[in-house]
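Step one of this worksheet: look at the structure below.
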Amino acid sequence: MKDMNVININHITKDYGNHRGVFDLSFQVKEGEVLGFLGPNGAGKTTTIRQLLGFIKPDSGSVSILGKDCFQKADEIQRKLGYLPGEIAFIDSMRGWEFIRFIADMKGMKDLSRAKELMEQFELNPNGKIKKMSKGMKQKIGIICAFMQNPKILILDEPTSGLDPLMQNRFVDLILEEKKRGKTILMSSHIFEEIEKTCDRAAIIREGSLVAVDSMEKLCQGRTKKMEIAFAEESMATEFMRNYAAKHKQNSQKQGYDLGQQGNKVILTVGNNIDQVVKAAAQFTIKDINVHTQSLEEFFLHFYGKHENLEREKLSESIDVESDVQAGKGGVR
Amino acid sequence: MNLTLYKKEWKSNWILWVIFAAVLTVYACMIVAMFDPKMGDSLKMMADSMPEIFAAFGMADVGQTLLEFISGYLYGILLTAFPAVYIILLSNKLVARYIDNGSMAYLLAVPEKRTKMIRTQVIYSITSLLALQIYIVAVLLIYSQIMFSGELEITAFLRINVGLFGLWMMIGGICFFFSSVFNDTKWASGCSTAFVVYAILVQMISQVGDKFENIKYATPMTLFQVDGLAAGDGSAWVGCLVMYLIGIVFYVTAVQVFARRDLPL
Ligand SMILES: Nc1ncnc2c1ncn2[C@@H]1O[C@H](COP(=O)(O)OP(=O)(O)OP(=O)(O)O)[C@@H](O)[C@H]1O
Ligand SMILES: [Mg+2]
């Protein structure tokens, strides 16, 4: 059965009052699938994951993994599950390696070769006291504890928090490697790029309710980039603007799409028309191109109701600095 | 029981155990050494000079035999209050600490039932108390044998200790219960401490004079009747049994509550 649902979240509600918690949330993770779980702070990602681990019971609805109830049969599910908690908390006073061995013993594992492999992969020296380790080192220990038993299913709550960019890439590689081995993975994140690189589908949650769950391709369709093209001369920019406005009228009038000229510079929002935009611009001499990748907040804009757009736009302006930094990483320079 | 967890608990808590065992050893040996059948009783003289304080600690009218001496000066307060502190610290560490700092997530993310994990902590709590009890009995027996060979009535002494362990079980169960039901170490240790302070304070007040004698019914410490156990009284045995029962009920309830509750991990 290829399409079997390994993780099944069925209309769960966990109400903490004041609109906090999760509300009537449903989605599934199929066998061999990597599903990203995105949402801003306090959206309810961890609350959902806690229910999957059987730490808390839903007020209503049901959660099951491999057809087993997550609260009642937590022990049976755990045989096949690797879990990385969102908040790093270890048993203080233990040394890193001691802790890994302790968890391995608790899981009834004999073979620690995978743990050693992972330690090399993440360049972790586990000999120090955990209390004195940096945040990233602790996160690596958590990752090793989740992956070392080679589980069929992985539930990871913000797995890359605290990792530096190099290690984040290593982590992406690890996920892709595990995916090839047919693992079923649910991972929450704030970073769209990381989800984009690894996941087949993503579920987006906000204020405890599901906003969208769809394949990455579908979700990315709505994704836009802000492009800043500097031409050699101002006349070129004017010319480009004229052509573009004529061809892409509907686009420039779409909500949330900018188009404007500042001297020899054109600033515009591109979506799936990127190919045409680049080709049209290539007819002129280009001095520089900047691409600002959308931040998660801007991306969410696409899914939020229209009435909130204004408020959201203000927000995304204030975090423009951040998206500039991201553009430096992922965009064309 | 999960052996890995059980061993881990011994490994990380043995220092606490040793500290309390050491303190109790010092007190036990000191008291035994002060017993002097020939030359009048120096503690007795002190007691006569400040009768209220000694009465509060249950040390009024301590008899003349070694057994009466030990049970008066040690079992009245020292062997109840000090172990109670140990119990508060230990219970808090065994459950609430893991929930509070989130590391319980790791203990539960293993293929074992929650009840099994918490039962392991219960077993650790009881066995570590039992080890302390056996140790202190051994110290007292050996030391009195060395100092005053043949002086101690051993069966009566052991009866008192069966009762003492019942008292520890009762306090242990109650503190463990608080540790298992709260998310916060503050609440867990707060309630445990409040309970112990209340129980011991009321006991002390009730011993000061006849005026307050009746409030002894307001503290569970009264269930531990040292003299009654030494004599083998039926009512003392009932009190002892009740203490064991209270302890077991609280331990069992703690396990049940913990297995069903939401954990903020
Ligand atoms: N035990 C609890 N009691 C009361 N409120 C809670 C509890 N646990 C979570 N909440 C609330 O539920 C909401 C969702 O929290 P949750 O931790 O699931 O968010 P999240 O999506 O994981 O956020 P983040 O990205 O910051 O990790 C928050 O507003 C939080 O304050
Ligand atoms: Mg979270």
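Within each chain, counting starts at residue 1; across the structure tokens, chains are named A, B, ... in the order shown, with ligands numbered 1 upward in that order.
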
(Q) Env of A:Asp214: 9 Å cut, atoms = only C-alpha atoms, seq-sep filter 6 positions within chain, self excluded. Answer as a VMD selection string. (A) chain A and resid 200 to 204

Restricted to N, CA and C atoms, what would the selected residues look like written as a tab-separated table (two decimals), in the first residue's frame?
```
chain	number	residue	atom	x	y	z
A	200	ASP	N	7.92	17.06	0.55
A	200	ASP	CA	7.03	16.81	-0.58
A	200	ASP	C	5.79	17.69	-0.48
A	201	ARG	N	5.32	17.81	0.78
A	201	ARG	CA	4.13	18.61	1.01
A	201	ARG	C	4.37	19.45	2.25
A	202	ALA	N	3.53	20.45	2.42
A	202	ALA	CA	3.62	21.23	3.64
A	202	ALA	C	2.22	21.54	4.15
A	203	ALA	N	2.11	21.58	5.48
A	203	ALA	CA	0.87	22.02	6.11
A	203	ALA	C	1.18	23.36	6.75
A	204	ILE	N	0.29	24.31	6.54
A	204	ILE	CA	0.52	25.64	7.11
A	204	ILE	C	-0.57	25.91	8.12
```

Proximity check chain A to ligand 2, 6 Å, nearest pairs one decimal Å, only C-alpha atoms and all ligand atoms, as a Markdown table:
```
| residue | atom | partner | partner_atom_place_in_ligand_line | distance |
| --- | --- | --- | --- | --- |
| A:Lys45 | CA | ligand 2 | 1 (Mg) | 5.5 |
| A:Thr46 | CA | ligand 2 | 1 (Mg) | 4.1 |
| A:Gly86 | CA | ligand 2 | 1 (Mg) | 5.6 |
```

Q.
Nearest residue to chain A out of B:Phe258, B:Phe165, B:Tyr135, B:Phe157, using only C-alpha atoms?
A.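 Comparing B:Phe258, B:Phe165, B:Tyr135, B:Phe157 against chain A, the winner is B:Phe258.
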
Distance table requested - chain B against chain A, cut-off 9 Å, only C-alpha atoms: one row per qualifying residue with the closest atom pair and its distance in Å to one decimal, ordered by chain and rising residue number, as JSON lines.
```
{"residue": "B:Asn2", "atom": "CA", "partner": "A:Met106", "partner_atom": "CA", "distance": 7.9}
{"residue": "B:Leu3", "atom": "CA", "partner": "A:Met106", "partner_atom": "CA", "distance": 8.7}
{"residue": "B:Thr4", "atom": "CA", "partner": "A:Met106", "partner_atom": "CA", "distance": 6.1}
{"residue": "B:Leu5", "atom": "CA", "partner": "A:Met106", "partner_atom": "CA", "distance": 7.3}
{"residue": "B:Lys8", "atom": "CA", "partner": "A:Phe102", "partner_atom": "CA", "distance": 8.1}
{"residue": "B:Ser12", "atom": "CA", "partner": "A:Ser93", "partner_atom": "CA", "distance": 8.4}
{"residue": "B:Tyr98", "atom": "CA", "partner": "A:Ile91", "partner_atom": "CA", "distance": 7.8}
{"residue": "B:Asn101", "atom": "CA", "partner": "A:Ala89", "partner_atom": "CA", "distance": 6.1}
{"residue": "B:Gly102", "atom": "CA", "partner": "A:Ala89", "partner_atom": "CA", "distance": 5.4}
{"residue": "B:Ser103", "atom": "CA", "partner": "A:Phe90", "partner_atom": "CA", "distance": 5.0}
{"residue": "B:Met104", "atom": "CA", "partner": "A:Phe90", "partner_atom": "CA", "distance": 8.6}
{"residue": "B:Ala105", "atom": "CA", "partner": "A:Pro85", "partner_atom": "CA", "distance": 7.2}
{"residue": "B:Tyr106", "atom": "CA", "partner": "A:Ile103", "partner_atom": "CA", "distance": 7.5}
{"residue": "B:Leu107", "atom": "CA", "partner": "A:Met106", "partner_atom": "CA", "distance": 7.8}
{"residue": "B:Leu108", "atom": "CA", "partner": "A:Phe55", "partner_atom": "CA", "distance": 8.3}
{"residue": "B:Ala109", "atom": "CA", "partner": "A:Gln78", "partner_atom": "CA", "distance": 6.3}
{"residue": "B:Val110", "atom": "CA", "partner": "A:Lys107", "partner_atom": "CA", "distance": 5.2}
{"residue": "B:Pro111", "atom": "CA", "partner": "A:Asp75", "partner_atom": "CA", "distance": 4.3}
{"residue": "B:Glu112", "atom": "CA", "partner": "A:Asp75", "partner_atom": "CA", "distance": 4.7}
{"residue": "B:Lys113", "atom": "CA", "partner": "A:Asp75", "partner_atom": "CA", "distance": 5.1}
{"residue": "B:Arg114", "atom": "CA", "partner": "A:Asp75", "partner_atom": "CA", "distance": 7.8}
{"residue": "B:Arg260", "atom": "CA", "partner": "A:Lys57", "partner_atom": "CA", "distance": 8.9}
{"residue": "B:Arg261", "atom": "CA", "partner": "A:Ile56", "partner_atom": "CA", "distance": 7.2}
{"residue": "B:Asp262", "atom": "CA", "partner": "A:Ile56", "partner_atom": "CA", "distance": 4.3}
{"residue": "B:Leu263", "atom": "CA", "partner": "A:Phe55", "partner_atom": "CA", "distance": 5.3}
{"residue": "B:Pro264", "atom": "CA", "partner": "A:Phe55", "partner_atom": "CA", "distance": 7.2}
{"residue": "B:Leu265", "atom": "CA", "partner": "A:Phe55", "partner_atom": "CA", "distance": 6.9}
```

When you look at A:Met148 with a cut-off of 9 Å (counting only C-alpha atoms), what residues show up, excluding the ones that are within fewer than 2 positions of it in the same chain? I need them as a JSON list (two decimals) with N, CA and C atoms, in the first residue's frame.
```
[["chain", "number", "residue", "atom", "x", "y", "z"],
["A", 82, "GLY", "N", 11.22, 8.28, 15.92],
["A", 82, "GLY", "CA", 12.31, 9.11, 16.44],
["A", 82, "GLY", "C", 11.74, 10.49, 16.67],
["A", 104, "ALA", "N", 19.97, 5.52, 24.38],
["A", 104, "ALA", "CA", 20.07, 4.28, 23.59],
["A", 104, "ALA", "C", 19.65, 3.08, 24.45],
["A", 112, "LEU", "N", 25.49, 1.20, 18.43],
["A", 112, "LEU", "CA", 25.60, 2.66, 18.46],
["A", 112, "LEU", "C", 26.35, 3.22, 17.25],
["A", 113, "SER", "N", 26.51, 2.37, 16.22],
["A", 113, "SER", "CA", 27.32, 2.82, 15.09],
["A", 113, "SER", "C", 26.67, 4.00, 14.36],
["A", 114, "ARG", "N", 25.35, 3.98, 14.27],
["A", 114, "ARG", "CA", 24.66, 5.09, 13.60],
["A", 114, "ARG", "C", 24.87, 6.39, 14.37],
["A", 115, "ALA", "N", 24.83, 6.30, 15.68],
["A", 115, "ALA", "CA", 25.05, 7.50, 16.50],
["A", 115, "ALA", "C", 26.44, 8.07, 16.24],
["A", 116, "LYS", "N", 27.42, 7.16, 16.12],
["A", 116, "LYS", "CA", 28.79, 7.63, 15.87],
["A", 116, "LYS", "C", 28.90, 8.27, 14.49],
["A", 117, "GLU", "N", 28.25, 7.64, 13.51],
["A", 117, "GLU", "CA", 28.22, 8.21, 12.17],
["A", 117, "GLU", "C", 27.67, 9.63, 12.18],
["A", 118, "LEU", "N", 26.54, 9.77, 12.88],
["A", 118, "LEU", "CA", 25.89, 11.08, 12.93],
["A", 118, "LEU", "C", 26.75, 12.12, 13.64],
["A", 143, "ILE", "N", 19.33, 15.75, 17.83],
["A", 143, "ILE", "CA", 19.20, 15.16, 16.49],
["A", 143, "ILE", "C", 19.72, 13.73, 16.50],
["A", 144, "ILE", "N", 20.86, 13.53, 17.13],
["A", 144, "ILE", "CA", 21.44, 12.18, 17.19],
["A", 144, "ILE", "C", 20.49, 11.22, 17.92],
["A", 145, "CYS", "N", 19.93, 11.69, 19.04],
["A", 145, "CYS", "CA", 19.01, 10.83, 19.79],
["A", 145, "CYS", "C", 17.78, 10.48, 18.96],
["A", 146, "ALA", "N", 17.34, 11.39, 18.10],
["A", 146, "ALA", "CA", 16.15, 11.11, 17.30],
["A", 146, "ALA", "C", 16.44, 10.14, 16.16],
["A", 150, "ASN", "N", 17.51, 4.57, 13.89],
["A", 150, "ASN", "CA", 17.05, 4.32, 12.53],
["A", 150, "ASN", "C", 15.54, 4.06, 12.47],
["A", 151, "PRO", "N", 14.76, 4.98, 13.00],
["A", 151, "PRO", "CA", 13.31, 4.74, 13.08],
["A", 151, "PRO", "C", 12.62, 4.94, 11.73]]
```

List as CSV every residue of chain A that is in contact with ligand 1, defined as an atom at most 6 Å from one of its atoms (using only C-alpha atoms and all ligand atoms), together with the nearest atom pair and the distance in Å rounded to one decimal, sorted by chain and then rising number.
```
residue,atom,partner,partner_atom_place_in_ligand_line,distance
A:Tyr16,CA,ligand 1,5 (N),4.9
A:Arg20,CA,ligand 1,12 (O),4.4
A:Gly21,CA,ligand 1,12 (O),4.0
A:Pro40,CA,ligand 1,25 (O),5.5
A:Asn41,CA,ligand 1,26 (O),3.5
A:Gly42,CA,ligand 1,19 (O),3.3
A:Ala43,CA,ligand 1,21 (O),3.8
A:Gly44,CA,ligand 1,18 (O),3.0
A:Lys45,CA,ligand 1,21 (O),3.6
A:Thr46,CA,ligand 1,22 (O),3.6
A:Thr47,CA,ligand 1,18 (O),3.6
```

Next, write the just-selected residues to a file, as an mmCIF file, in the first residue's frame, keeping all heavy atoms as the atom set.
```cif
data_model
loop_
_atom_site.group_PDB
_atom_site.id
_atom_site.type_symbol
_atom_site.label_atom_id
_atom_site.label_comp_id
_atom_site.auth_asym_id
_atom_site.auth_seq_id
_atom_site.Cartn_x
_atom_site.Cartn_y
_atom_site.Cartn_z
ATOM 1 N N TYR A 16 -6.639 26.047 24.854
ATOM 2 C CA TYR A 16 -6.031 26.587 26.072
ATOM 3 C C TYR A 16 -6.662 27.923 26.458
ATOM 4 O O TYR A 16 -6.145 28.639 27.304
ATOM 5 C CB TYR A 16 -4.528 26.780 25.879
ATOM 6 C CG TYR A 16 -3.746 25.492 25.871
ATOM 7 C CD1 TYR A 16 -2.961 25.138 24.790
ATOM 8 C CD2 TYR A 16 -3.786 24.636 26.966
ATOM 9 C CE1 TYR A 16 -2.231 23.957 24.792
ATOM 10 C CE2 TYR A 16 -3.064 23.453 26.975
ATOM 11 C CZ TYR A 16 -2.295 23.122 25.888
ATOM 12 O OH TYR A 16 -1.584 21.960 25.899
ATOM 13 N N ARG A 20 -5.861 30.281 22.076
ATOM 14 C CA ARG A 20 -4.589 29.578 21.998
ATOM 15 C C ARG A 20 -4.866 28.084 21.963
ATOM 16 O O ARG A 20 -5.838 27.607 22.531
ATOM 17 C CB ARG A 20 -3.709 29.929 23.198
ATOM 18 C CG ARG A 20 -3.251 31.378 23.187
ATOM 19 C CD ARG A 20 -2.506 31.704 24.442
ATOM 20 N NE ARG A 20 -3.260 31.217 25.602
ATOM 21 C CZ ARG A 20 -2.767 31.116 26.820
ATOM 22 N NH1 ARG A 20 -1.536 31.437 27.050
ATOM 23 N NH2 ARG A 20 -3.506 30.675 27.800
ATOM 24 N N GLY A 21 -3.981 27.381 21.281
ATOM 25 C CA GLY A 21 -4.144 25.940 21.156
ATOM 26 C C GLY A 21 -4.317 25.572 19.692
ATOM 27 O O GLY A 21 -3.865 26.298 18.808
ATOM 28 N N PRO A 40 3.707 30.612 12.121
ATOM 29 C CA PRO A 40 4.418 31.579 12.959
ATOM 30 C C PRO A 40 4.452 31.145 14.421
ATOM 31 O O PRO A 40 3.829 30.153 14.792
ATOM 32 C CB PRO A 40 3.605 32.862 12.782
ATOM 33 C CG PRO A 40 2.276 32.440 12.269
ATOM 34 C CD PRO A 40 2.469 31.146 11.566
ATOM 35 N N ASN A 41 5.163 31.883 15.251
ATOM 36 C CA ASN A 41 5.251 31.557 16.677
ATOM 37 C C ASN A 41 3.872 31.461 17.301
ATOM 38 O O ASN A 41 3.005 32.282 17.018
ATOM 39 C CB ASN A 41 6.029 32.642 17.428
ATOM 40 C CG ASN A 41 7.509 32.616 17.111
ATOM 41 O OD1 ASN A 41 8.104 33.641 16.829
ATOM 42 N ND2 ASN A 41 8.101 31.453 17.135
ATOM 43 N N GLY A 42 3.708 30.460 18.116
ATOM 44 C CA GLY A 42 2.441 30.306 18.836
ATOM 45 C C GLY A 42 1.297 29.811 17.982
ATOM 46 O O GLY A 42 0.141 29.869 18.381
ATOM 47 N N ALA A 43 1.609 29.299 16.793
ATOM 48 C CA ALA A 43 0.552 28.858 15.884
ATOM 49 C C ALA A 43 -0.080 27.548 16.344
ATOM 50 O O ALA A 43 -1.231 27.266 16.031
ATOM 51 C CB ALA A 43 1.117 28.688 14.487
ATOM 52 N N GLY A 44 0.674 26.759 17.094
ATOM 53 C CA GLY A 44 0.137 25.478 17.567
ATOM 54 C C GLY A 44 0.883 24.274 17.019
ATOM 55 O O GLY A 44 0.389 23.149 17.105
ATOM 56 N N LYS A 45 2.049 24.484 16.478
ATOM 57 C CA LYS A 45 2.831 23.367 15.936
ATOM 58 C C LYS A 45 3.244 22.402 17.046
ATOM 59 O O LYS A 45 3.011 21.197 16.969
ATOM 60 C CB LYS A 45 4.093 23.885 15.220
ATOM 61 C CG LYS A 45 3.799 24.828 14.079
ATOM 62 C CD LYS A 45 5.065 25.268 13.376
ATOM 63 C CE LYS A 45 5.976 26.129 14.233
ATOM 64 N NZ LYS A 45 5.425 27.428 14.616
ATOM 65 N N THR A 46 3.854 22.954 18.080
ATOM 66 C CA THR A 46 4.308 22.106 19.176
ATOM 67 C C THR A 46 3.122 21.429 19.864
ATOM 68 O O THR A 46 3.192 20.262 20.244
ATOM 69 C CB THR A 46 5.138 22.937 20.162
ATOM 70 O OG1 THR A 46 6.222 23.530 19.451
ATOM 71 C CG2 THR A 46 5.681 22.084 21.279
ATOM 72 N N THR A 47 2.039 22.167 20.008
ATOM 73 C CA THR A 47 0.845 21.591 20.620
ATOM 74 C C THR A 47 0.359 20.375 19.825
ATOM 75 O O THR A 47 -0.053 19.361 20.402
ATOM 76 C CB THR A 47 -0.271 22.655 20.707
ATOM 77 O OG1 THR A 47 0.249 23.791 21.391
ATOM 78 C CG2 THR A 47 -1.474 22.137 21.432
#
```
